[in-house]
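Novice: The following file, target-v6.txt, comprises compact mmCIF, C-alpha atoms and all ligand atoms:
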# COMPACT_ATOMS: atom_id res chain seq x y z
CA MET A 1 0.00 0.00 0.00
CA THR A 2 1.20 3.53 -0.72
CA GLU A 3 2.32 5.33 2.44
CA GLN A 4 0.14 8.21 3.64
CA LEU A 5 1.65 11.63 3.00
CA THR A 6 0.84 14.69 5.06
CA VAL A 7 0.44 18.12 3.48
CA ASP A 8 3.92 19.02 4.76
CA ASP A 9 5.38 15.84 3.21
CA LEU A 10 3.79 16.72 -0.12
CA ARG A 11 5.14 20.27 -0.02
CA ARG A 12 8.64 19.04 0.83
CA LEU A 13 8.69 16.35 -1.89
CA ASP A 14 7.16 18.77 -4.38
CA ARG A 15 9.77 21.43 -3.56
CA ASP A 16 12.53 18.84 -4.07
CA HIS A 17 11.25 17.26 -7.29
CA CYS A 18 8.54 19.21 -9.16
CA TRP A 19 9.15 22.08 -11.57
CA HIS A 20 6.08 24.35 -11.79
CA PRO A 21 5.18 26.59 -14.77
CA LEU A 22 5.88 30.34 -14.72
CA PHE A 23 7.02 30.11 -11.11
CA GLN A 24 10.16 31.27 -9.27
CA HIS A 25 11.10 28.26 -7.14
CA GLN A 26 13.49 30.23 -4.99
CA GLN A 27 10.44 31.66 -3.24
CA LEU A 28 9.66 28.18 -1.92
CA ALA A 29 13.18 27.65 -0.65
CA GLU A 30 13.04 31.03 1.12
CA GLY A 31 9.56 30.37 2.53
CA ALA A 32 8.27 33.49 0.71
CA ALA A 33 5.57 31.50 -1.11
CA GLU A 34 3.62 28.33 -0.53
CA LEU A 35 1.76 26.32 -3.14
CA THR A 36 -1.72 24.96 -2.43
CA VAL A 37 -2.34 21.22 -2.32
CA PHE A 38 -5.68 20.77 -4.07
CA GLU A 39 -7.51 17.59 -3.24
CA ARG A 40 -10.92 17.59 -4.86
CA GLY A 41 -13.48 19.67 -6.72
CA GLU A 42 -17.25 19.88 -6.96
CA GLY A 43 -18.97 22.16 -9.49
CA SER A 44 -16.97 25.39 -9.45
CA THR A 45 -15.61 24.83 -5.92
CA LEU A 46 -12.18 23.44 -5.12
CA TYR A 47 -11.10 22.07 -1.76
CA ASP A 48 -7.53 22.00 -0.52
CA ALA A 49 -5.93 19.38 1.67
CA GLU A 50 -6.31 21.66 4.70
CA GLY A 51 -10.09 21.83 4.29
CA ARG A 52 -10.42 25.30 2.73
CA ALA A 53 -12.92 25.89 -0.10
CA TYR A 54 -12.17 28.11 -3.11
CA LEU A 55 -14.32 29.49 -5.92
CA ASP A 56 -12.40 28.45 -9.06
CA GLY A 57 -12.94 31.66 -11.00
CA TYR A 58 -10.61 30.64 -13.83
CA ALA A 59 -12.16 27.17 -14.21
CA GLY A 60 -8.73 25.54 -13.95
CA LEU A 61 -6.79 27.10 -16.82
CA TRP A 62 -9.92 28.35 -18.63
CA ASN A 63 -10.87 24.75 -19.37
CA VAL A 64 -13.06 23.04 -16.75
CA ASN A 65 -16.15 24.13 -18.65
CA VAL A 66 -18.61 21.64 -17.12
CA GLY A 67 -17.16 21.96 -13.61
CA TYR A 68 -15.56 19.41 -11.32
CA GLY A 69 -17.01 16.12 -10.11
CA ARG A 70 -18.96 15.03 -13.19
CA GLN A 71 -19.31 11.28 -12.62
CA GLN A 72 -20.55 10.72 -16.18
CA ILE A 73 -17.15 11.68 -17.61
CA ALA A 74 -15.23 9.63 -15.03
CA GLU A 75 -17.38 6.58 -15.78
CA ALA A 76 -17.02 6.95 -19.56
CA ALA A 77 -13.22 7.09 -19.17
CA PHE A 78 -13.18 4.14 -16.75
CA GLU A 79 -15.32 1.96 -19.02
CA GLN A 80 -13.07 2.75 -21.98
CA LEU A 81 -9.93 2.06 -19.92
CA LYS A 82 -11.27 -1.40 -19.13
CA ARG A 83 -12.35 -2.17 -22.71
CA LEU A 84 -9.46 -0.78 -24.76
CA PRO A 85 -7.06 1.62 -23.04
CA TYR A 86 -5.02 2.32 -26.16
CA TYR A 87 -4.33 1.56 -29.77
CA PRO A 88 -2.71 4.02 -32.20
CA HIS A 89 -5.01 6.00 -34.42
CA SER A 90 -3.49 4.32 -37.47
CA GLN A 91 -6.59 2.12 -37.08
CA ILE A 92 -10.16 2.83 -35.90
CA ASN A 93 -11.38 3.08 -32.33
CA GLU A 94 -15.04 3.81 -31.65
CA PRO A 95 -14.73 6.84 -29.32
CA ALA A 96 -12.40 8.66 -31.74
CA THR A 97 -14.70 8.01 -34.70
CA ARG A 98 -17.77 9.09 -32.74
CA LEU A 99 -15.99 12.22 -31.52
CA ALA A 100 -14.76 13.24 -34.98
CA THR A 101 -18.34 12.80 -36.24
CA ARG A 102 -19.71 14.90 -33.36
CA LEU A 103 -17.15 17.64 -34.06
CA ALA A 104 -18.21 17.73 -37.72
CA GLU A 105 -21.85 18.13 -36.59
CA LEU A 106 -21.23 20.83 -33.99
CA THR A 107 -18.57 23.07 -35.55
CA PRO A 108 -19.66 25.87 -37.89
CA GLY A 109 -19.26 25.95 -41.70
CA GLY A 110 -17.88 22.98 -43.58
CA LEU A 111 -15.39 21.64 -41.01
CA ARG A 112 -15.48 17.85 -41.38
CA HIS A 113 -12.13 16.07 -40.85
CA THR A 114 -10.29 15.93 -37.51
CA PHE A 115 -6.67 15.16 -36.66
CA PHE A 116 -6.34 14.44 -32.93
CA SER A 117 -3.41 15.30 -30.66
CA ASN A 118 -2.92 15.93 -26.92
CA SER A 119 -2.99 19.66 -26.26
CA GLY A 120 -3.73 23.09 -27.67
CA SER A 121 -0.09 23.60 -28.59
CA GLU A 122 0.01 20.36 -30.54
CA ALA A 123 -3.32 21.10 -32.20
CA ASN A 124 -1.86 24.43 -33.40
CA GLU A 125 1.37 22.77 -34.57
CA THR A 126 -0.84 20.37 -36.52
CA ALA A 127 -2.80 23.27 -38.06
CA PHE A 128 0.40 25.05 -39.13
CA LYS A 129 1.87 21.89 -40.61
CA ILE A 130 -1.37 21.15 -42.45
CA ALA A 131 -1.34 24.73 -43.79
CA ARG A 132 2.27 24.45 -45.01
CA GLN A 133 1.81 21.04 -46.61
CA TYR A 134 -1.50 22.23 -48.13
CA GLY A 135 0.38 25.25 -49.51
CA GLN A 136 2.96 23.00 -51.22
CA GLN A 137 0.39 20.61 -52.65
CA ARG A 138 -2.35 23.04 -53.65
CA PHE A 139 0.04 25.68 -55.09
CA PRO A 140 3.08 23.64 -56.24
CA THR A 141 4.64 26.53 -58.16
CA GLN A 142 4.40 28.95 -55.20
CA ARG A 143 6.16 29.18 -51.82
CA ARG A 144 3.20 29.43 -49.46
CA HIS A 145 4.65 28.86 -46.01
CA LYS A 146 4.31 32.09 -43.96
CA ILE A 147 1.87 32.24 -41.10
CA ILE A 148 0.55 35.58 -39.85
CA SER A 149 -0.77 36.04 -36.33
CA ARG A 150 -1.12 38.93 -33.88
CA TYR A 151 0.80 40.56 -31.09
CA ARG A 152 -0.84 39.67 -27.77
CA GLY A 153 -2.12 36.40 -29.26
CA TYR A 154 -1.24 33.12 -27.53
CA HIS A 155 -1.03 29.81 -29.35
CA GLY A 156 1.04 27.52 -27.13
CA PHE A 157 4.44 26.60 -25.75
CA THR A 158 5.94 24.39 -28.48
CA PHE A 159 8.25 26.02 -31.02
CA GLY A 160 5.77 26.59 -33.86
CA ALA A 161 2.93 27.62 -31.55
CA MET A 162 5.33 29.87 -29.63
CA SER A 163 6.52 31.44 -32.89
CA ALA A 164 2.90 32.32 -33.69
CA THR A 165 2.43 33.67 -30.17
CA GLY A 166 2.72 37.45 -29.96
CA GLN A 167 3.63 37.84 -26.29
CA MET A 168 7.29 38.69 -25.87
CA ALA A 169 7.53 37.27 -22.34
CA ARG A 170 6.67 33.83 -23.70
CA ARG A 171 9.20 34.02 -26.57
CA THR A 172 12.38 35.99 -26.02
CA LYS A 173 14.21 33.50 -23.78
CA PHE A 174 13.89 30.79 -26.43
CA GLU A 175 14.93 32.73 -29.52
CA PRO A 176 15.67 32.21 -32.35
CA LEU A 177 12.21 30.89 -33.16
CA VAL A 178 10.78 29.17 -36.24
CA PRO A 179 11.21 31.20 -39.46
CA GLY A 180 8.17 32.32 -41.44
CA PHE A 181 5.96 33.65 -38.63
CA LEU A 182 4.81 37.29 -38.89
CA HIS A 183 2.72 39.44 -36.56
CA VAL A 184 0.27 42.33 -36.90
CA ASP A 185 -1.39 44.56 -34.28
CA PRO A 186 -4.23 43.18 -32.17
CA PRO A 187 -7.78 44.63 -32.32
CA TYR A 188 -7.35 46.26 -28.93
CA CYS A 189 -9.78 49.19 -28.98
CA TYR A 190 -9.26 50.10 -25.31
CA ARG A 191 -5.57 50.84 -25.89
CA CYS A 192 -5.47 50.99 -29.68
CA PRO A 193 -1.91 50.26 -30.87
CA LEU A 194 -2.63 52.44 -33.94
CA HIS A 195 -3.89 55.34 -31.76
CA LEU A 196 -7.25 55.33 -33.57
CA SER A 197 -10.81 54.90 -32.35
CA TYR A 198 -13.62 52.68 -33.51
CA PRO A 199 -15.62 53.05 -35.75
CA SER A 200 -13.86 56.00 -37.45
CA CYS A 201 -10.70 53.79 -37.68
CA ALA A 202 -12.56 51.61 -40.24
CA THR A 203 -11.00 48.66 -38.37
CA ALA A 204 -7.53 49.57 -39.62
CA CYS A 205 -6.02 46.76 -37.51
CA VAL A 206 -7.63 44.04 -39.65
CA GLU A 207 -6.46 45.81 -42.81
CA GLU A 208 -2.87 45.25 -41.58
CA PHE A 209 -3.30 41.59 -42.53
CA ASP A 210 -4.12 42.62 -46.08
CA GLU A 211 -1.17 44.99 -46.19
CA VAL A 212 1.31 42.41 -44.89
CA ILE A 213 0.05 39.76 -47.34
CA ARG A 214 0.46 42.20 -50.25
CA ARG A 215 3.93 43.28 -49.13
CA GLU A 216 5.20 39.74 -48.51
CA GLY A 217 3.48 38.42 -51.64
CA PRO A 218 0.29 36.33 -51.37
CA ASP A 219 2.13 33.43 -53.00
CA THR A 220 4.34 33.18 -49.87
CA VAL A 221 1.55 33.18 -47.27
CA ALA A 222 -0.02 29.90 -46.11
CA ALA A 223 -2.33 30.95 -43.28
CA ILE A 224 -3.55 33.48 -40.76
CA VAL A 225 -4.17 32.28 -37.22
CA VAL A 226 -6.19 34.20 -34.62
CA GLU A 227 -8.11 33.55 -31.45
CA PRO A 228 -11.67 34.84 -32.12
CA ILE A 229 -11.31 36.62 -28.75
CA ILE A 230 -7.75 37.07 -27.48
CA GLY A 231 -7.60 35.12 -24.20
CA GLY A 232 -4.37 35.09 -22.20
CA GLY A 233 -3.23 38.31 -23.93
CA GLY A 234 -5.90 40.35 -22.12
CA VAL A 235 -9.40 39.00 -22.94
CA ILE A 236 -9.81 41.26 -25.97
CA PRO A 237 -12.88 40.85 -28.18
CA PRO A 238 -12.52 42.30 -31.68
CA PRO A 239 -14.79 45.13 -32.87
CA ASP A 240 -17.89 44.16 -34.89
CA GLY A 241 -17.10 43.09 -38.42
CA TYR A 242 -13.43 42.25 -37.72
CA LEU A 243 -13.71 38.48 -38.24
CA GLN A 244 -15.93 38.92 -41.31
CA ARG A 245 -13.37 41.22 -42.90
CA LEU A 246 -10.60 38.78 -41.99
CA ARG A 247 -12.50 36.04 -43.81
CA GLU A 248 -12.77 38.27 -46.91
CA ILE A 249 -9.04 39.04 -46.85
CA CYS A 250 -8.17 35.34 -46.60
CA ASP A 251 -10.53 34.47 -49.46
CA GLU A 252 -9.15 37.21 -51.65
CA HIS A 253 -5.56 35.98 -51.26
CA GLN A 254 -6.36 32.23 -51.00
CA VAL A 255 -4.83 32.21 -47.54
CA LEU A 256 -6.17 29.66 -45.04
CA LEU A 257 -7.98 31.06 -42.01
CA ILE A 258 -7.23 29.22 -38.76
CA PHE A 259 -9.30 29.95 -35.67
CA ASP A 260 -7.59 28.98 -32.43
CA GLU A 261 -10.66 28.16 -30.32
CA VAL A 262 -8.63 26.55 -27.54
CA ILE A 263 -10.10 28.96 -24.97
CA THR A 264 -13.10 30.37 -26.83
CA GLY A 265 -14.44 26.97 -27.90
CA TRP A 266 -16.91 24.85 -25.99
CA GLY A 267 -19.14 27.49 -24.56
CA ARG A 268 -16.97 29.94 -22.66
CA THR A 269 -18.09 33.08 -24.54
CA GLY A 270 -21.86 32.69 -24.77
CA ARG A 271 -21.75 30.68 -28.00
CA LEU A 272 -20.53 27.13 -28.51
CA PHE A 273 -17.58 28.59 -30.50
CA GLY A 274 -16.23 32.13 -30.33
CA CYS A 275 -16.39 32.67 -34.10
CA GLU A 276 -20.18 32.21 -33.99
CA HIS A 277 -20.50 35.74 -32.55
CA GLU A 278 -19.81 36.97 -36.09
CA GLY A 279 -21.14 33.99 -38.03
CA VAL A 280 -17.72 33.39 -39.59
CA ALA A 281 -16.29 29.90 -40.19
CA PRO A 282 -12.57 29.11 -40.63
CA ASP A 283 -10.83 26.65 -42.93
CA ILE A 284 -9.15 25.07 -39.92
CA MET A 285 -10.30 25.15 -36.29
CA VAL A 286 -8.06 24.30 -33.36
CA MET A 287 -9.54 23.00 -30.11
CA ALA A 288 -8.36 21.62 -26.76
CA LYS A 289 -9.15 22.62 -23.12
CA GLY A 290 -12.97 22.59 -22.94
CA ILE A 291 -13.28 19.70 -25.39
CA THR A 292 -12.79 17.42 -22.36
CA SER A 293 -13.18 20.09 -19.66
CA GLY A 294 -9.73 18.96 -18.49
CA TYR A 295 -10.83 15.44 -17.50
CA GLN A 296 -8.35 14.08 -20.10
CA PRO A 297 -5.71 15.76 -22.29
CA LEU A 298 -6.88 16.16 -25.89
CA GLY A 299 -6.25 18.46 -28.85
CA ALA A 300 -8.22 18.50 -32.12
CA THR A 301 -7.59 20.16 -35.48
CA ILE A 302 -10.60 20.06 -37.78
CA VAL A 303 -10.51 21.08 -41.46
CA THR A 304 -12.85 21.52 -44.43
CA ASP A 305 -13.17 19.19 -47.43
CA GLU A 306 -11.25 21.72 -49.50
CA VAL A 307 -8.21 21.43 -47.18
CA PHE A 308 -8.52 17.67 -46.66
CA ASP A 309 -8.83 16.96 -50.38
CA ALA A 310 -5.47 18.60 -51.10
CA PHE A 311 -3.91 15.59 -49.34
CA ALA A 312 -5.54 13.01 -51.64
CA GLY A 313 -3.56 11.23 -54.35
CA GLU A 314 -1.95 7.97 -55.39
CA THR A 315 0.14 6.32 -52.64
CA ALA A 316 3.31 6.84 -54.67
CA GLU A 317 2.69 10.61 -54.77
CA ARG A 318 3.15 10.82 -50.95
CA ARG A 319 0.52 13.51 -50.51
CA GLU A 320 -0.76 12.11 -47.19
CA PHE A 321 -0.32 14.29 -44.10
CA ALA A 322 3.27 13.68 -42.98
CA GLN A 323 2.67 13.53 -39.21
CA VAL A 324 2.05 10.90 -36.53
CA CYS A 325 1.14 11.39 -32.86
CA THR A 326 1.37 8.38 -30.50
CA TYR A 327 -1.53 9.44 -28.32
CA GLY A 328 -3.59 11.22 -31.00
CA GLY A 329 -7.14 9.82 -31.01
CA HIS A 330 -6.58 8.23 -27.59
CA PRO A 331 -9.74 6.20 -26.93
CA VAL A 332 -10.00 7.21 -23.26
CA ALA A 333 -9.56 10.93 -23.98
CA CYS A 334 -12.12 10.72 -26.79
CA ALA A 335 -14.61 8.84 -24.56
CA ALA A 336 -14.20 11.56 -21.91
CA ALA A 337 -14.69 14.26 -24.57
CA LEU A 338 -17.92 12.65 -25.77
CA ALA A 339 -19.35 12.49 -22.25
CA ASN A 340 -18.23 16.09 -21.65
CA ILE A 341 -19.86 17.29 -24.87
CA ASP A 342 -23.09 15.46 -23.95
CA ILE A 343 -23.20 17.42 -20.68
CA LEU A 344 -22.30 20.71 -22.36
CA THR A 345 -24.89 20.43 -25.10
CA GLY A 346 -27.53 18.77 -22.87
CA GLU A 347 -27.33 21.65 -20.35
CA ARG A 348 -26.67 24.29 -23.04
CA LEU A 349 -23.93 25.69 -20.82
CA TRP A 350 -22.94 28.46 -23.26
CA GLU A 351 -26.29 30.09 -22.46
CA ASN A 352 -25.34 30.16 -18.79
CA ALA A 353 -21.97 31.68 -19.74
CA GLU A 354 -23.82 34.42 -21.62
CA ARG A 355 -26.20 35.13 -18.69
CA VAL A 356 -23.48 35.18 -16.05
CA GLY A 357 -21.09 37.07 -18.36
CA ASP A 358 -23.68 39.82 -18.93
CA LYS A 359 -24.25 40.11 -15.19
CA LEU A 360 -20.52 40.35 -14.46
CA LEU A 361 -19.96 42.89 -17.23
CA SER A 362 -22.82 45.15 -16.11
CA GLY A 363 -21.59 44.94 -12.49
CA LEU A 364 -18.04 45.88 -13.52
CA THR A 365 -19.27 48.64 -15.84
CA ALA A 366 -21.27 50.15 -12.99
CA LEU A 367 -18.08 50.30 -10.90
CA SER A 368 -15.95 51.95 -13.60
C1 LIG X 1 -5.64 30.29 -27.31
C2 LIG X 1 -4.72 29.20 -26.86
N1 LIG X 1 -4.15 28.40 -27.78
C3 LIG X 1 -3.33 27.40 -27.44
C4 LIG X 1 -3.02 27.15 -26.12
C5 LIG X 1 -2.09 26.04 -25.78
O1 LIG X 1 -2.78 24.98 -25.19
P1 LIG X 1 -2.00 23.92 -24.30
O2 LIG X 1 -1.56 24.62 -23.06
O3 LIG X 1 -3.05 22.85 -24.06
O4 LIG X 1 -0.86 23.39 -25.10
C6 LIG X 1 -3.60 27.93 -25.11
C7 LIG X 1 -3.30 27.68 -23.70
O5 LIG X 1 -3.62 28.43 -22.81
C8 LIG X 1 -4.45 29.00 -25.50
O6 LIG X 1 -4.98 29.82 -24.59
Can you present the structure in this file as structure tokens?
Specialist:
Amino acid sequence: MTEQLTVDDLRRLDRDHCWHPLFQHQQLAEGAAELTVFERGEGSTLYDAEGRAYLDGYAGLWNVNVGYGRQQIAEAAFEQLKRLPYYPHSQINEPATRLATRLAELTPGGLRHTFFSNSGSEANETAFKIARQYGQQRFPTQRRHKIISRYRGYHGFTFGAMSATGQMARRTKFEPLVPGFLHVDPPYCYRCPLHLSYPSCATACVEEFDEVIRREGPDTVAAIVVEPIIGGGGVIPPPDGYLQRLREICDEHQVLLIFDEVITGWGRTGRLFGCEHEGVAPDIMVMAKGITSGYQPLGATIVTDEVFDAFAGETAERREFAQVCTYGGHPVACAAALANIDILTGERLWENAERVGDKLLSGLTALS
């Protein structure tokens, strides 16, 4: 039997052996900070090992969309673990097939084909690699490889996703980054980087995409990636019409539009997906976090027929997507995602997010 550990034991062992994200460990050694030992959760309440209760305002890391303690998800994962804990997605497993089908039904526009991975970063890497390989195969005489994103945007911690990220604090210590990633200004009306104001600005920030594509040459640009609402970079919704105009710019230059819905997906913004606020659909959508509400790690990259079909050809042509992911399409993660999505859609939780979000916004506005 495993020996019982006290809270002090856990803190000591953790201090000696764990490396926490974005955290100065010297504070622990000096006793200037103490990390919390969380033990269990119920709904939106967390309990620590010393019996204190906390309101989990962030919902984990913006991902526990259905709340803690949902037995339905635990049971779905347990049943799948007993039946078939793993087989690579080079073959079929039922939860992955059912989940890909569900994603095709629930996502907007013509998104229909999903490549599974383990995290938001990996799902973005997958999107960028799809966009580059698509660029080579769809436009063989061109050099479509550049990916344009925004300052303040966040797309993950791996090298490609970090190169698309526009937050200097997450990048500079790891430079040089991946070549071919460009950035434009964010649609940040409150502190407009262009010193303009909406609507007289005519949404000049979105026109920067058009300008950069023209300057670089459309035949060098593979994709644009944006979060429909910037999350970690400040919770910045774009002005009305921004995403629609972005769609037009992409169509005009035959550049793929990637929406990173890792935070905004699965109900957090008052719609099932953030891009639904403007009725705009991407060519590629990236999901993670709320797809399982954190009960299992899972990333998903879903594309349209038009993108998928560029990978079709005779075997000898080697047009298939040149990527493999050991745990992509993991049956247990996909079973958890299906149970999570059943809860989310059954309870229409995005409507609750809209109600509570309106209440919070009007309360904060009254204070300002
Ligand atoms: C918009 C966005 N994309 C991608 C990621 C990366 O996801 P992960 O941490 O699962 O790799 C995050 C993480 O916070 C995110 O907010």
Novice: How would you report the residues lying within 9 Å of ligand LIG 1 (chain X), as a VMD selection string, if you count only C-alpha atoms and all ligand atoms?
Specialist: chain A and resid 61 to 63 118 to 124 153 to 158 161 165 226 to 233 260 to 264 286 to 289 297 to 299
Novice: Select, from A:Cys250, A:Val7, A:Leu106, A:Cys201, the residue with the minimum atom-to-atom distance to Glu50 in chain A, counting all atoms listed in the file.
Specialist: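 Smallest separation from Glu50 in chain A among the options: A:Val7.
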Novice: For Ser149 in chain A, work out the shell of residues within 9 Å, counting all atoms listed in the file and skipping chain neighbours fewer than 2 positions away, then give it as number ranges by chain.
Specialist: A: 147, 151, 153, 164-166, 181-186, 209, 223-226
Novice: Using only C-alpha atoms, which residues sit within 12 Å of Phe174 in chain A once same-chain residues fewer than 6 positions away are excluded, as an MDAnalysis selection string?
Specialist: chainID A and resid 157:160 162:163 168
Novice: Between A:Arg319, A:His253, A:Arg271, A:Arg247, which is the closest to Arg144 in chain A once you count only C-alpha atoms?
Specialist: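 When distances to Arg144 in chain A are compared using only C-alpha atoms, the smallest one comes from A:His253.
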Novice: Record the distance separating CA of Val37 in chain A and CA of Ile291 in chain A, expressed in Å with one decimal.
Specialist: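 Computing the Euclidean distance for CA of Val37 in chain A and CA of Ile291 in chain A yields 25.6 Å.
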Novice: Can you work out the spacing between CA of Gly313 in chain A and CA of Ile148 in chain A in Å, to one decimal?
Specialist: 28.6 Å
Novice: Which of these residues is nearest to Gly57 in chain A, using only C-alpha atoms: A:Gly329, A:Gly43, A:Pro193, A:Gly69?
Specialist: A:Gly43
Novice: Provide the CA of Gly346 in chain A to CA of Asn65 in chain A distance in Å, to one decimal place.
Specialist: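 Between these atoms lies a distance of 13.3 Å.
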Novice: Find the residue from A:Tyr198, A:Phe78, A:Tyr295, A:Tyr188 that sits nearest to Gly41 in chain A; use all atoms listed in the file when measuring.
Specialist: A:Tyr295
Novice: Using only C-alpha atoms, find all polymer residues with an atom at most 10 Å away from the point (-17.1, 14.0, -11.2); report them as a list of chain:residue names.
Specialist: A:Arg40, A:Gly41, A:Glu42, A:Gly43, A:Val66, A:Gly67, A:Tyr68, A:Gly69, A:Arg70, A:Gln71, A:Gln72, A:Ile73, A:Ala74, A:Glu75, A:Tyr295
